[in-house]
Structure formats: structure tokens, C-alpha cells
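Each remark here refers to the structure printed beneath this line.
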Amino acid sequence: MVLASREKPPLRECFPLILGSASIELLKQSSESLAGRINYIHLSGFLIKEVPSKDLRKLWLRGGLPLSFLASSEKMSIDWREQYIRTFLERDIPQLGLSLPAVTMRRLWTMLAHLHGQVLNYSELSKSFGVSDNTIRRYVDVLENTFMVRTLSPWHTNIGKRLIKRPKVYIQDSGILHSLLTIENHKGLVSHPKLGSSWEGFVIDQIIRSSNIPENRFHFWGIHAGAELDLFWQKNGKNYGIEIKYSDAPKLTASMISATQSLELQHLWVIYPGDTTYKLAPKITVLPFSDINVLNIN
């Protein structure tokens, strides 16, 4: 292309686009050579607002990765996710500089799936693998930086209580979680011990990715005495929270009251798979999952 003028073209015409299929080395070089002039846009799976309401259960079961969600049958979706996991472990992980065998990395990934929604204990994992805590942290960081795992940090406040100070861990995509747990259909999901945790992680993922708030500003809150809150954030100097329940009709609990008072919440929403919105208390509302877009977390 030959320019008719010596003037530089407008900046908007000079942005290169590097897709996720680019080599790890190229992406690394771009971050070093274009510091301050590069922007990363992370494109993940389908959001609730991008699929028909009749397919929300399918979105939860299969996850939001397009070829998994859009597969013509459950078997094709399962097969695609298995190949995705295998390719990630055998090709992508080595490109990141990890020499850990794929079978070992899959074992760790599967163990994290069984810990989905729980507080992460690096020491227990390191004992299982016979490596140091720092090594396990590094492996978990790799899974988090490649968007396979999400760690949710605890919110610390000076309220004089014994707070939980370790992060919670979630497999980011619900379909990948279900593959790692060998859950193949909705019947298997609703009878699985991780049903509640799966629902919790799915809802948290949808809320975080639907918001314009940076992910590191979302937290969970809990005290060793038992009270907890699944999701906490601040906006315009006010505190908000979400509790997630896989229940037909959630009821007011002591934990909800404690969280609302201790964190001085402006409002607490209880997200559930039903279809009716109702009040539990002046500052506590039960909200259907299908209506989470009304939260307007921007």
C-alpha cells in the first residue's frame, strides 16, 4: 500500500490483531515490545444473554465454549470437550514451558475439579503430588492464566472475626468441569455430589463475565464460625453481595443476616434456578438466574 501523503495514517488504522492461535513466543514478544500500546481482549464462552432462555440448562451442562454448546448431541459435545482437554494438556501446556507430563497435569486439574467451590489448600495438594507448595502454586497459576481455573480471593475486613484468608478455586467453564467429573448428562448432574458447587461456579462465572467490573474486584467472604457470602463487590463506595442456592425456594438464613450486617451490604441477592422474584428481608432479594442481567453490575 502506498500513501499519497507523508503524514502517518490515523492511529485507528494501525492496530494489529493477534488471535489466541498465535504462538506463545509471539504473544510474549508483543507484551515486551508494545508496553503501554497493547490491549488484550479476552473472549470466553457464551453468556446467558447470548443464548435462548430455553437453553440455559444446556449452557450450564455443556459450558459456554461454542463447539461444545452448539454440538448436535450430548455425545458430540462430550467428545469435543475431551479432545479440547487433551490438546490443551499435550500441546498448549508444553508451549508454556512446563515439562510436567500431561497425565500428571490432568490429575491436578481433576483434583481441582473435585475441589470446585472450596477453599484452596496448597499444602494438601503438594503432599498429594510430592512437590513443594510453590510448585503447586505455579501449576495453578498456569491454569488460571490460561482461563481454565478461577481463584476467588477472600474479602478482608477489620470486624474482629476469624476470617477465611485462602482463595476459593473454580473450574472456569462448567462444561470442562463436568467432563473432568465424568458428568455426561443432566440426570447425572442433578444426582452428583458436586451439584451445588457446579451451580455456584456457573452463576459466579456468568455474573463476573457479564459485568464491567475488573474480575479482581470480586471476592467471597467467610468466617470460620460458618457465615459466608459467595460473591462480594464494591461500587461507588457501597457494598453488595450475592448468595447462590440450588433450591426451589430459598429461605432467609442466619448466614445471610450475618453477611448483610457484618459487611454493611447495600443489598444482597440470592440467585436460584426458579422463575419468581421475592423479598426475604428489606435488603435481601431472591432473584431467578434468568434475570441476573437486571443486576446491572457496571
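Starting from 1 in every chain, residues are counted up; chains themselves are A, B, ... following the order of the C-alpha cells, and ligands are numbered from 1 as listed.
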Item to check | All strand (DSSP E or B) residues (DSSP, backbone) inside region 105-186 of chain A, as a list of chain:residue names | outcome: A:Gln118, A:Val119, A:Val149, A:Arg150, A:Thr151, A:Leu152, A:Pro154, A:Leu163, A:Lys168, A:Val169, A:Tyr170, A:Ile171
Item to check | Polymer residues at most 10 Å from Pro288 (chain A), only C-alpha atoms, same-chain spacing of 2 or more positions, as number ranges by chain | outcome: A: 269-278, 285-286, 290-292
Generate the output file for the selected residues, N, CA and C atoms, as a compact mmCIF listing (two decimals), in the first residue's frame.
```txt
# COMPACT_ATOMS: atom_id res chain seq x y z
N TRP A 269 -28.45 -10.25 46.99
CA TRP A 269 -29.32 -11.03 46.12
C TRP A 269 -29.03 -12.52 46.30
N VAL A 270 -30.08 -13.31 46.32
CA VAL A 270 -29.96 -14.76 46.39
C VAL A 270 -30.37 -15.31 45.02
N ILE A 271 -29.41 -15.87 44.29
CA ILE A 271 -29.67 -16.35 42.93
C ILE A 271 -30.04 -17.83 42.98
N TYR A 272 -31.14 -18.18 42.32
CA TYR A 272 -31.60 -19.57 42.32
C TYR A 272 -32.18 -19.93 40.95
N PRO A 273 -32.42 -21.22 40.66
CA PRO A 273 -32.86 -21.61 39.32
C PRO A 273 -34.37 -21.49 39.08
N GLY A 274 -35.08 -20.82 39.98
CA GLY A 274 -36.52 -20.67 39.82
C GLY A 274 -36.91 -19.55 38.87
N ASP A 275 -38.18 -19.13 38.94
CA ASP A 275 -38.65 -18.10 38.00
C ASP A 275 -39.41 -16.97 38.68
N THR A 276 -39.33 -16.86 40.01
CA THR A 276 -40.06 -15.83 40.74
C THR A 276 -39.12 -14.99 41.58
N THR A 277 -39.29 -13.67 41.53
CA THR A 277 -38.52 -12.76 42.37
C THR A 277 -39.34 -12.44 43.62
N TYR A 278 -38.69 -12.52 44.79
CA TYR A 278 -39.40 -12.18 46.02
C TYR A 278 -38.42 -11.72 47.09
N THR A 285 -33.03 -9.99 48.48
CA THR A 285 -33.99 -10.35 47.44
C THR A 285 -33.60 -11.66 46.78
N VAL A 286 -34.55 -12.55 46.60
CA VAL A 286 -34.34 -13.78 45.84
C VAL A 286 -34.59 -13.46 44.37
N SER A 290 -32.21 -16.51 35.51
CA SER A 290 -32.52 -15.98 34.18
C SER A 290 -32.63 -14.46 34.16
N ASP A 291 -32.71 -13.84 35.37
CA ASP A 291 -32.84 -12.39 35.46
C ASP A 291 -31.59 -11.70 35.97
N ILE A 292 -30.44 -12.37 35.96
CA ILE A 292 -29.25 -11.75 36.56
C ILE A 292 -28.80 -10.50 35.81
```
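You can rank A:Leu59, A:Val51, A:Leu280, A:Leu98 by their closest distance to Ala254 (chain A) using only C-alpha atoms, and at the top of that list sits A:Leu280.
Minimum atom-to-atom distances from A:Val142, A:Pro52, A:Arg137, A:Ser174 to Gly64 (chain A) were compared using only C-alpha atoms, and the lowest value belongs to A:Ser174.
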Checklist entry - Can you tell me, as a PyMOL selection string, what residues are no more than 12 Å from Ile244 (chain A) when counting only C-alpha atoms, ignoring any on the same chain fewer than 5 positions away? => result chain A and resi 117+196-205+207+220+228-232+249-251+256+268-274+285-289+292
Saved selection, atoms kept: N, CA and C atoms, as an mmCIF file, in the first residue's frame:
```cif
data_model
loop_
_atom_site.group_PDB
_atom_site.id
_atom_site.type_symbol
_atom_site.label_atom_id
_atom_site.label_comp_id
_atom_site.auth_asym_id
_atom_site.auth_seq_id
_atom_site.Cartn_x
_atom_site.Cartn_y
_atom_site.Cartn_z
ATOM 1 N N GLY A 117 -15.272 -24.870 44.126
ATOM 2 C CA GLY A 117 -16.119 -24.172 45.095
ATOM 3 C C GLY A 117 -15.620 -24.240 46.517
ATOM 4 N N GLY A 196 -24.412 -28.626 43.817
ATOM 5 C CA GLY A 196 -24.485 -27.267 44.352
ATOM 6 C C GLY A 196 -23.270 -26.435 43.997
ATOM 7 N N SER A 197 -22.087 -27.052 44.081
ATOM 8 C CA SER A 197 -20.856 -26.332 43.751
ATOM 9 C C SER A 197 -20.794 -26.004 42.265
ATOM 10 N N SER A 198 -21.256 -26.929 41.422
ATOM 11 C CA SER A 198 -21.278 -26.677 39.990
ATOM 12 C C SER A 198 -22.179 -25.485 39.668
ATOM 13 N N TRP A 199 -23.364 -25.463 40.262
ATOM 14 C CA TRP A 199 -24.293 -24.357 40.057
ATOM 15 C C TRP A 199 -23.677 -23.039 40.541
ATOM 16 N N GLU A 200 -23.042 -23.071 41.694
ATOM 17 C CA GLU A 200 -22.397 -21.878 42.249
ATOM 18 C C GLU A 200 -21.339 -21.319 41.300
ATOM 19 N N GLY A 201 -20.453 -22.185 40.816
ATOM 20 C CA GLY A 201 -19.395 -21.738 39.921
ATOM 21 C C GLY A 201 -19.932 -21.219 38.604
ATOM 22 N N PHE A 202 -20.968 -21.866 38.085
ATOM 23 C CA PHE A 202 -21.581 -21.445 36.826
ATOM 24 C C PHE A 202 -22.176 -20.043 36.953
ATOM 25 N N VAL A 203 -22.914 -19.808 38.029
ATOM 26 C CA VAL A 203 -23.540 -18.500 38.246
ATOM 27 C C VAL A 203 -22.477 -17.422 38.464
ATOM 28 N N ILE A 204 -21.466 -17.725 39.273
ATOM 29 C CA ILE A 204 -20.387 -16.762 39.523
ATOM 30 C C ILE A 204 -19.695 -16.383 38.217
ATOM 31 N N ASP A 205 -19.412 -17.373 37.379
ATOM 32 C CA ASP A 205 -18.746 -17.109 36.101
ATOM 33 C C ASP A 205 -19.587 -16.196 35.227
ATOM 34 N N ILE A 207 -21.932 -14.055 36.142
ATOM 35 C CA ILE A 207 -22.048 -12.712 36.725
ATOM 36 C C ILE A 207 -20.770 -11.914 36.507
ATOM 37 N N PHE A 220 -15.050 -13.445 47.716
ATOM 38 C CA PHE A 220 -16.013 -14.127 48.573
ATOM 39 C C PHE A 220 -15.690 -13.718 49.999
ATOM 40 N N GLU A 228 -21.016 -17.039 55.594
ATOM 41 C CA GLU A 228 -20.271 -16.839 54.360
ATOM 42 C C GLU A 228 -21.123 -16.128 53.325
ATOM 43 N N LEU A 229 -20.443 -15.628 52.297
ATOM 44 C CA LEU A 229 -21.100 -14.956 51.176
ATOM 45 C C LEU A 229 -20.360 -15.372 49.919
ATOM 46 N N ASP A 230 -21.099 -15.843 48.900
ATOM 47 C CA ASP A 230 -20.463 -16.401 47.707
ATOM 48 C C ASP A 230 -19.760 -15.359 46.858
ATOM 49 N N LEU A 231 -20.322 -14.148 46.771
ATOM 50 C CA LEU A 231 -19.735 -13.120 45.921
ATOM 51 C C LEU A 231 -19.956 -11.747 46.555
ATOM 52 N N PHE A 232 -18.879 -10.963 46.604
ATOM 53 C CA PHE A 232 -18.922 -9.632 47.214
ATOM 54 C C PHE A 232 -18.185 -8.654 46.311
ATOM 55 N N ALA A 249 -36.975 -22.840 46.525
ATOM 56 C CA ALA A 249 -37.465 -21.638 47.194
ATOM 57 C C ALA A 249 -36.541 -21.290 48.360
ATOM 58 N N PRO A 250 -35.444 -20.586 48.095
ATOM 59 C CA PRO A 250 -34.503 -20.236 49.167
ATOM 60 C C PRO A 250 -35.184 -19.450 50.289
ATOM 61 N N LYS A 251 -34.751 -19.727 51.503
ATOM 62 C CA LYS A 251 -35.297 -19.043 52.671
ATOM 63 C C LYS A 251 -34.209 -18.221 53.359
ATOM 64 N N MET A 256 -27.044 -15.312 55.859
ATOM 65 C CA MET A 256 -27.406 -14.135 55.071
ATOM 66 C C MET A 256 -27.507 -12.894 55.941
ATOM 67 N N LEU A 268 -28.327 -7.572 49.158
ATOM 68 C CA LEU A 268 -27.891 -8.954 48.959
ATOM 69 C C LEU A 268 -28.935 -9.657 48.088
ATOM 70 N N TRP A 269 -28.447 -10.249 46.993
ATOM 71 C CA TRP A 269 -29.321 -11.029 46.117
ATOM 72 C C TRP A 269 -29.032 -12.516 46.297
ATOM 73 N N VAL A 270 -30.081 -13.311 46.315
ATOM 74 C CA VAL A 270 -29.958 -14.765 46.387
ATOM 75 C C VAL A 270 -30.366 -15.311 45.020
ATOM 76 N N ILE A 271 -29.410 -15.866 44.293
ATOM 77 C CA ILE A 271 -29.671 -16.350 42.930
ATOM 78 C C ILE A 271 -30.044 -17.827 42.976
ATOM 79 N N TYR A 272 -31.140 -18.175 42.323
ATOM 80 C CA TYR A 272 -31.603 -19.572 42.323
ATOM 81 C C TYR A 272 -32.175 -19.928 40.950
ATOM 82 N N PRO A 273 -32.415 -21.215 40.664
ATOM 83 C CA PRO A 273 -32.863 -21.614 39.318
ATOM 84 C C PRO A 273 -34.366 -21.495 39.078
ATOM 85 N N GLY A 274 -35.080 -20.819 39.976
ATOM 86 C CA GLY A 274 -36.521 -20.674 39.819
ATOM 87 C C GLY A 274 -36.910 -19.554 38.874
ATOM 88 N N THR A 285 -33.033 -9.989 48.482
ATOM 89 C CA THR A 285 -33.995 -10.348 47.437
ATOM 90 C C THR A 285 -33.599 -11.657 46.780
ATOM 91 N N VAL A 286 -34.554 -12.551 46.598
ATOM 92 C CA VAL A 286 -34.339 -13.780 45.835
ATOM 93 C C VAL A 286 -34.593 -13.456 44.367
ATOM 94 N N LEU A 287 -33.614 -13.807 43.511
ATOM 95 C CA LEU A 287 -33.676 -13.442 42.095
ATOM 96 C C LEU A 287 -33.427 -14.665 41.223
ATOM 97 N N PRO A 288 -34.272 -14.926 40.221
ATOM 98 C CA PRO A 288 -34.023 -16.047 39.302
ATOM 99 C C PRO A 288 -32.728 -15.849 38.525
ATOM 100 N N PHE A 289 -32.037 -16.941 38.250
ATOM 101 C CA PHE A 289 -30.807 -16.860 37.466
ATOM 102 C C PHE A 289 -31.057 -16.232 36.100
ATOM 103 N N ILE A 292 -30.436 -12.369 35.960
ATOM 104 C CA ILE A 292 -29.253 -11.748 36.556
ATOM 105 C C ILE A 292 -28.798 -10.499 35.812
#
```
Env of Val140 (chain A): 10 Å cut, atoms = only C-alpha atoms, seq-sep filter 5 positions within chain, self excluded. Answer as a JSON list (two decimals) with N, CA and C atoms, in the first residue's frame.
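Below is the file selection29.json, written as the result:
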```json
[["chain", "number", "residue", "atom", "x", "y", "z"],
["A", 105, "MET", "N", -0.58, -33.46, 34.90],
["A", 105, "MET", "CA", -1.32, -32.21, 34.87],
["A", 105, "MET", "C", -2.81, -32.47, 34.85],
["A", 108, "LEU", "N", -3.91, -33.19, 38.38],
["A", 108, "LEU", "CA", -4.07, -31.97, 39.17],
["A", 108, "LEU", "C", -5.36, -31.25, 38.79],
["A", 109, "TRP", "N", -5.61, -31.14, 37.50],
["A", 109, "TRP", "CA", -6.81, -30.47, 37.01],
["A", 109, "TRP", "C", -8.07, -31.17, 37.54],
["A", 112, "LEU", "N", -8.55, -30.44, 41.20],
["A", 112, "LEU", "CA", -9.12, -29.11, 41.36],
["A", 112, "LEU", "C", -10.61, -29.12, 41.04],
["A", 122, "TYR", "N", -3.05, -25.32, 49.31],
["A", 122, "TYR", "CA", -1.88, -25.69, 48.53],
["A", 122, "TYR", "C", -1.06, -26.79, 49.21],
["A", 134, "ASN", "N", 5.12, -24.11, 46.46],
["A", 134, "ASN", "CA", 5.36, -23.14, 45.40],
["A", 134, "ASN", "C", 5.19, -23.75, 44.01],
["A", 135, "THR", "N", 5.55, -25.04, 43.90],
["A", 135, "THR", "CA", 5.39, -25.71, 42.61],
["A", 135, "THR", "C", 3.91, -25.85, 42.28],
["A", 145, "ASN", "N", -4.03, -18.53, 34.43],
["A", 145, "ASN", "CA", -3.64, -17.58, 33.38],
["A", 145, "ASN", "C", -4.10, -18.02, 31.99],
["A", 146, "THR", "N", -4.39, -19.31, 31.85],
["A", 146, "THR", "CA", -4.92, -19.82, 30.58],
["A", 146, "THR", "C", -6.45, -19.96, 30.64],
["A", 148, "MET", "N", -8.46, -21.62, 32.50],
["A", 148, "MET", "CA", -9.05, -22.91, 32.81],
["A", 148, "MET", "C", -9.58, -22.96, 34.25],
["A", 149, "VAL", "N", -8.94, -22.18, 35.10],
["A", 149, "VAL", "CA", -9.28, -22.17, 36.52],
["A", 149, "VAL", "C", -9.47, -20.73, 36.97],
["A", 150, "ARG", "N", -10.39, -20.50, 37.88],
["A", 150, "ARG", "CA", -10.55, -19.19, 38.51],
["A", 150, "ARG", "C", -10.31, -19.33, 40.01],
["A", 151, "THR", "N", -9.48, -18.46, 40.57],
["A", 151, "THR", "CA", -9.35, -18.40, 42.02],
["A", 151, "THR", "C", -10.01, -17.10, 42.48],
["A", 169, "VAL", "N", -11.34, -22.01, 44.75],
["A", 169, "VAL", "CA", -10.96, -22.40, 43.39],
["A", 169, "VAL", "C", -12.19, -22.90, 42.63]]
```
Checklist outcome for this item: Counting only C-alpha atoms, the residue among A:Leu70, A:Tyr246, A:Tyr139, A:Trp60 that lies closest to Thr104 (chain A) is A:Tyr139
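Every protein or nucleic acid residue with an atom no more than 12 Å from Gly237 (chain A), counting only C-alpha atoms and leaving out same-chain residues fewer than 6 positions away, appears here: Glu264, Leu265 and Gln266 of chain A.
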So that I have them on file, write out the residues from the current selection with N, CA and C atoms, as a compact mmCIF listing (two decimals), in the first residue's frame.
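Output below, filename again32.txt:
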```txt
# COMPACT_ATOMS: atom_id res chain seq x y z
N GLU A 264 -22.13 -4.64 56.01
CA GLU A 264 -22.91 -3.42 55.76
C GLU A 264 -23.35 -3.34 54.29
N LEU A 265 -23.97 -4.42 53.85
CA LEU A 265 -24.37 -4.51 52.45
C LEU A 265 -25.51 -3.55 52.11
N GLN A 266 -25.38 -2.92 50.97
CA GLN A 266 -26.47 -2.11 50.45
C GLN A 266 -27.61 -3.03 50.02
```
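Taking only C-alpha atoms into account, Leu89 (chain A) lies nearest to A:Arg106 out of the set A:Lys283, A:Lys75, A:Lys168, A:Arg106.
When only C-alpha atoms are used to compute distances to Arg62 (chain A), the closest of the residues A:Asn212, A:Ser123, A:Thr253, A:Ser77 turns out to be A:Ser77.
Taking CA of Ser262 (chain A) and CA of Pro167 (chain A) as endpoints, the distance between them is 19.8 Å.
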